[in-house]
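Here's the structure we're looking at; comments come further down.
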Amino acid sequence: MPLNNTNSYAKSNLPLRLVLVLPFVLQIFAAVGLTGYLSLRNGQQAVNDLASRLQREVSDRIDQHLDSYLNTGRHLAEINGDAIDLKLLDTQNLEQLGHFFWKQMQLYNVGYISFGSKTGEFASSGKFFDDGRITVSEVSQRRNGDYPEHLYNADIQGNRASLAIVNKNYNFTKESWYADTVKAGKPIWSKIYQWETSPETLSVSANRPVYDKDKNLIGVIGIDQRLSQISNFLRSLKVSPSAKTFILERNGLIVASSSTEQPYKLINGKPKRLQALESADLLIRSTKPI
């Protein structure tokens with residue numbers, strides 16, 4: 001073969017060093033790239049798994065708290081109803097009832113304990129004011145006529161100490177806890193409702209009707225759970241600073257949330273419950289109920 005052809009062949013091919021090294025370099029790049037991809041994917045999966053586990057743990061804690069919180073109200077309604085059935089409580093003695101309910105408020109995590117009678121008598125104890133003090137109150141058509149509610153500050157024994165406020169025309173018979181229970185004729189949960197008196201408190205209530213031996217209605221025991229108490233619990237959960245915990249009804253109405261936003265807005269002085277889509281919080285607004 002002529003010499004010039006050999007030189008031409010040598011110049012047209014890659015250097016032997018490059019031919020030997022290039023496959024190893026490509027293998028190293030491929031191995032490093034694959035390792036990096038798998039590490040990134042596994043890291044993302046680990047983060048997703050951790051986030052899912054935290055979500056489940058927070059959700060489980062909320063479920064456990066709500067079960068305990070709501071079951072307390074249901075059991076207390078049964079206990080008080082049974083006490084009236086056994087004549088351990090005199091429904092005509094409003095001061096005694098209010099004092100007894102005040103004692104129970106020291107023991108149970110509920111918002112309000114009430115009894116309303118068919119004859120327009122009402123006794124209760126609970127957290128009416130935002131400062132958390134426990135007051136006692138009564139409505140007596142027999143003594144006062146109509147429906148003025150006299151609400152009293154209590155001393156350390158639960159006795160009436162001083163008149164705190166008079167709510168004129170507080171007709172408890174129109175509130176869901178009483179009216180819906182009378183209609184149902186059995187223990188029920190009320191729908192979420194607003195108190196007839198200011199402040200604009202939203203509650204859900206566990207209720208039990210009370211009857212005499214002839215099955216005539218005597219009245220209704222109601223145990224209120226304020227939605228603000230549920231929101232306070234949600235705020236106490238140790239979650240990521242950027243996270244929000246909230247509870248929605250299936251119709252999209254907000255029940256409670258860790259946000260400082262109220263679950264209602266005032267329209268002409270009356271509270272209207274807030275839809276999640278109306279929330280000022282972007283995270284809540286973008287969430288759809290299951």
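Here, A, B, ... name the chains of the structure tokens in the order displayed, residue numbers run from 1 inside each chain, and ligands are numbered from 1 in the same displayed order.
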### Query
What are the DSSP alpha helix (DSSP H) residues of range 106-196 of chain A, as a ChimeraX atom specification?
/A:141-144,176-184
How about saving the chosen residues, C-alpha atoms kept, as a JSON list (two decimals), in the first residue's frame?
[["chain", "number", "residue", "atom", "x", "y", "z"],
["A", 141, "GLN", "CA", -91.62, 34.21, 82.46],
["A", 142, "ARG", "CA", -93.20, 33.52, 85.84],
["A", 143, "ARG", "CA", -91.21, 36.22, 87.62],
["A", 144, "ASN", "CA", -90.13, 38.60, 84.88],
["A", 176, "SER", "CA", -81.87, 25.28, 67.10],
["A", 177, "TRP", "CA", -80.83, 23.39, 70.23],
["A", 178, "TYR", "CA", -84.35, 23.71, 71.69],
["A", 179, "ALA", "CA", -86.66, 23.96, 68.67],
["A", 180, "ASP", "CA", -85.11, 21.12, 66.65],
["A", 181, "THR", "CA", -84.98, 18.78, 69.66],
["A", 182, "VAL", "CA", -88.64, 19.38, 70.52],
["A", 183, "LYS", "CA", -89.54, 18.62, 66.92],
["A", 184, "ALA", "CA", -87.39, 15.47, 66.78]]
### Task
Would you list the contacts of Gly185 in chain A as a PyMOL selection string, taking every protein, DNA or RNA residue within 12 Å and counting only C-alpha atoms, but skipping same-chain residues closer than 4 positions in sequence?
chain A and resi 178-181+207-211+215-220
Put those residues in a file: N, CA, C and O atoms, as a PDB file, in the first residue's frame.
ATOM      1  N   TYR A 178     -83.048  23.986  71.059  1.00  0.00           N
ATOM      2  CA  TYR A 178     -84.346  23.710  71.687  1.00  0.00           C
ATOM      3  C   TYR A 178     -85.397  23.314  70.642  1.00  0.00           C
ATOM      4  O   TYR A 178     -86.022  22.252  70.751  1.00  0.00           O
ATOM      5  N   ALA A 179     -85.572  24.162  69.637  1.00  0.00           N
ATOM      6  CA  ALA A 179     -86.658  23.955  68.673  1.00  0.00           C
ATOM      7  C   ALA A 179     -86.511  22.644  67.909  1.00  0.00           C
ATOM      8  O   ALA A 179     -87.486  21.890  67.755  1.00  0.00           O
ATOM      9  N   ASP A 180     -85.309  22.338  67.439  1.00  0.00           N
ATOM     10  CA  ASP A 180     -85.115  21.116  66.650  1.00  0.00           C
ATOM     11  C   ASP A 180     -85.261  19.856  67.495  1.00  0.00           C
ATOM     12  O   ASP A 180     -85.727  18.817  67.018  1.00  0.00           O
ATOM     13  N   THR A 181     -84.867  19.943  68.770  1.00  0.00           N
ATOM     14  CA  THR A 181     -84.980  18.779  69.657  1.00  0.00           C
ATOM     15  C   THR A 181     -86.434  18.503  70.004  1.00  0.00           C
ATOM     16  O   THR A 181     -86.862  17.333  70.054  1.00  0.00           O
ATOM     17  N   ASN A 207     -78.174  17.637  72.470  1.00  0.00           N
ATOM     18  CA  ASN A 207     -79.423  17.935  73.173  1.00  0.00           C
ATOM     19  C   ASN A 207     -80.203  16.676  73.504  1.00  0.00           C
ATOM     20  O   ASN A 207     -80.149  15.682  72.773  1.00  0.00           O
ATOM     21  N   ARG A 208     -80.952  16.785  74.603  1.00  0.00           N
ATOM     22  CA  ARG A 208     -81.795  15.667  75.028  1.00  0.00           C
ATOM     23  C   ARG A 208     -83.111  16.202  75.557  1.00  0.00           C
ATOM     24  O   ARG A 208     -83.133  17.042  76.461  1.00  0.00           O
ATOM     25  N   PRO A 209     -84.242  15.731  75.006  1.00  0.00           N
ATOM     26  CA  PRO A 209     -85.529  16.153  75.556  1.00  0.00           C
ATOM     27  C   PRO A 209     -85.815  15.430  76.868  1.00  0.00           C
ATOM     28  O   PRO A 209     -85.326  14.320  77.100  1.00  0.00           O
ATOM     29  N   VAL A 210     -86.588  16.065  77.723  1.00  0.00           N
ATOM     30  CA  VAL A 210     -86.960  15.486  79.022  1.00  0.00           C
ATOM     31  C   VAL A 210     -88.482  15.421  79.091  1.00  0.00           C
ATOM     32  O   VAL A 210     -89.179  16.409  78.794  1.00  0.00           O
ATOM     33  N   TYR A 211     -89.009  14.254  79.493  1.00  0.00           N
ATOM     34  CA  TYR A 211     -90.453  14.042  79.559  1.00  0.00           C
ATOM     35  C   TYR A 211     -90.864  13.609  80.957  1.00  0.00           C
ATOM     36  O   TYR A 211     -90.053  13.043  81.706  1.00  0.00           O
ATOM     37  N   LYS A 215     -95.182  10.989  79.401  1.00  0.00           N
ATOM     38  CA  LYS A 215     -94.581  11.314  78.105  1.00  0.00           C
ATOM     39  C   LYS A 215     -94.915  12.725  77.635  1.00  0.00           C
ATOM     40  O   LYS A 215     -94.856  13.015  76.439  1.00  0.00           O
ATOM     41  N   ASN A 216     -95.221  13.599  78.565  1.00  0.00           N
ATOM     42  CA  ASN A 216     -95.417  15.011  78.222  1.00  0.00           C
ATOM     43  C   ASN A 216     -94.071  15.735  78.326  1.00  0.00           C
ATOM     44  O   ASN A 216     -93.307  15.515  79.260  1.00  0.00           O
ATOM     45  N   LEU A 217     -93.819  16.612  77.378  1.00  0.00           N
ATOM     46  CA  LEU A 217     -92.544  17.311  77.349  1.00  0.00           C
ATOM     47  C   LEU A 217     -92.391  18.240  78.554  1.00  0.00           C
ATOM     48  O   LEU A 217     -93.278  19.037  78.861  1.00  0.00           O
ATOM     49  N   ILE A 218     -91.259  18.123  79.246  1.00  0.00           N
ATOM     50  CA  ILE A 218     -90.911  19.057  80.316  1.00  0.00           C
ATOM     51  C   ILE A 218     -90.000  20.153  79.767  1.00  0.00           C
ATOM     52  O   ILE A 218     -90.202  21.336  80.014  1.00  0.00           O
ATOM     53  N   GLY A 219     -88.988  19.740  79.015  1.00  0.00           N
ATOM     54  CA  GLY A 219     -88.053  20.711  78.454  1.00  0.00           C
ATOM     55  C   GLY A 219     -86.909  20.016  77.743  1.00  0.00           C
ATOM     56  O   GLY A 219     -86.984  18.834  77.406  1.00  0.00           O
ATOM     57  N   VAL A 220     -85.836  20.766  77.502  1.00  0.00           N
ATOM     58  CA  VAL A 220     -84.689  20.258  76.742  1.00  0.00           C
ATOM     59  C   VAL A 220     -83.396  20.621  77.461  1.00  0.00           C
ATOM     60  O   VAL A 220     -83.226  21.756  77.903  1.00  0.00           O
TER      61      VAL A 220
END
Could you make a table, as a tab-separated table, of the residues of range 81-188 of chain A that have an atom within 8 Å of an atom of range 224-233 of chain A, each with its nearest atom pair and distance in Å to one decimal, counting only C-alpha atoms, in chain and number order?
residue	atom	partner	partner_atom	distance
A:Val110	CA	A:Gln225	CA	5.6
A:Gly111	CA	A:Gln225	CA	4.8
A:Tyr112	CA	A:Asp224	CA	4.8
A:Ile113	CA	A:Asp224	CA	6.4
Using N, CA, C and O atoms, can you write the selected residues to a file as a CSV table (one decimal), in the first residue's frame?
chain,number,residue,atom,x,y,z
A,110,VAL,N,-66.7,22.1,77.9
A,110,VAL,CA,-67.8,22.4,77.1
A,110,VAL,C,-68.0,23.9,77.1
A,110,VAL,O,-67.4,24.6,77.9
A,111,GLY,N,-68.8,24.4,76.2
A,111,GLY,CA,-69.0,25.9,76.1
A,111,GLY,C,-70.2,26.4,77.0
A,111,GLY,O,-70.1,27.5,77.6
A,112,TYR,N,-71.3,25.7,77.0
A,112,TYR,CA,-72.5,26.1,77.7
A,112,TYR,C,-73.3,24.9,78.1
A,112,TYR,O,-73.4,23.9,77.4
A,113,ILE,N,-73.9,25.0,79.3
A,113,ILE,CA,-74.9,23.9,79.7
A,113,ILE,C,-76.2,24.6,80.0
A,113,ILE,O,-76.2,25.6,80.8
### Coordinates-based distance that separates CA of Ile254 in chain A from CA of Leu266 in chain A (Å, one decimal)
14.8 Å
### Query
Got a sec: who's within 8 Å of Tyr147 in chain A, counting only C-alpha atoms, leaving out chain neighbours fewer than 6 positions off, as JSON, numbers by chain?
{"A": [120, 139, 140, 141, 168, 169, 170, 171]}
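The space separating CA of Asp85 in chain A from CA of Ser117 in chain A comes to 13.8 Å.
Note that the spacing between CA of Leu97 in chain A and CA of Ser137 in chain A amounts to 9.7 Å.
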#### Entry: range 150-162 of chain A surroundings by only C-alpha atoms, 7 Å radius, close-in-sequence under 3 positions cut, as a ChimeraX atom specification
/A:99,102-103,135-139,165-167
### Message
Which residues are near Ile79 in chain A? Cut-off 12 Å, only C-alpha atoms, ignore same chain within fewer than 5 positions. Put them as a VMD selection string.
### Response
chain A and resid 72 to 74 84 to 86 88 to 89 101 104 113 206 to 208 210 221 to 223
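Proximity to Arg285 in chain A at 12 Å, evaluated using only C-alpha atoms and with sequence-adjacent residues fewer than 6 positions away removed, yields Lys244, Phe246, Leu248, Gly252, Leu253, Ile254, Ser259, Leu274, Gln275, Ala276, Leu277, Glu278 and Ser279 of chain A.
The residues of range 243-288 of chain A that DSSP assigns to strand (DSSP E or B) on this backbone come out as A:Phe246, A:Ile247, A:Leu248, A:Leu253, A:Ile254, A:Val255, A:Ala256, A:Ser257, A:Tyr264, A:Lys265, A:Leu266, A:Ile267, A:Lys270, A:Pro271, A:Lys272, A:Arg273, A:Gln275.
Counting only C-alpha atoms and comparing A:Lys87, A:Asp130, A:Arg250, A:Ala256, the residue that lies closest to Asp212 in chain A is A:Lys87.
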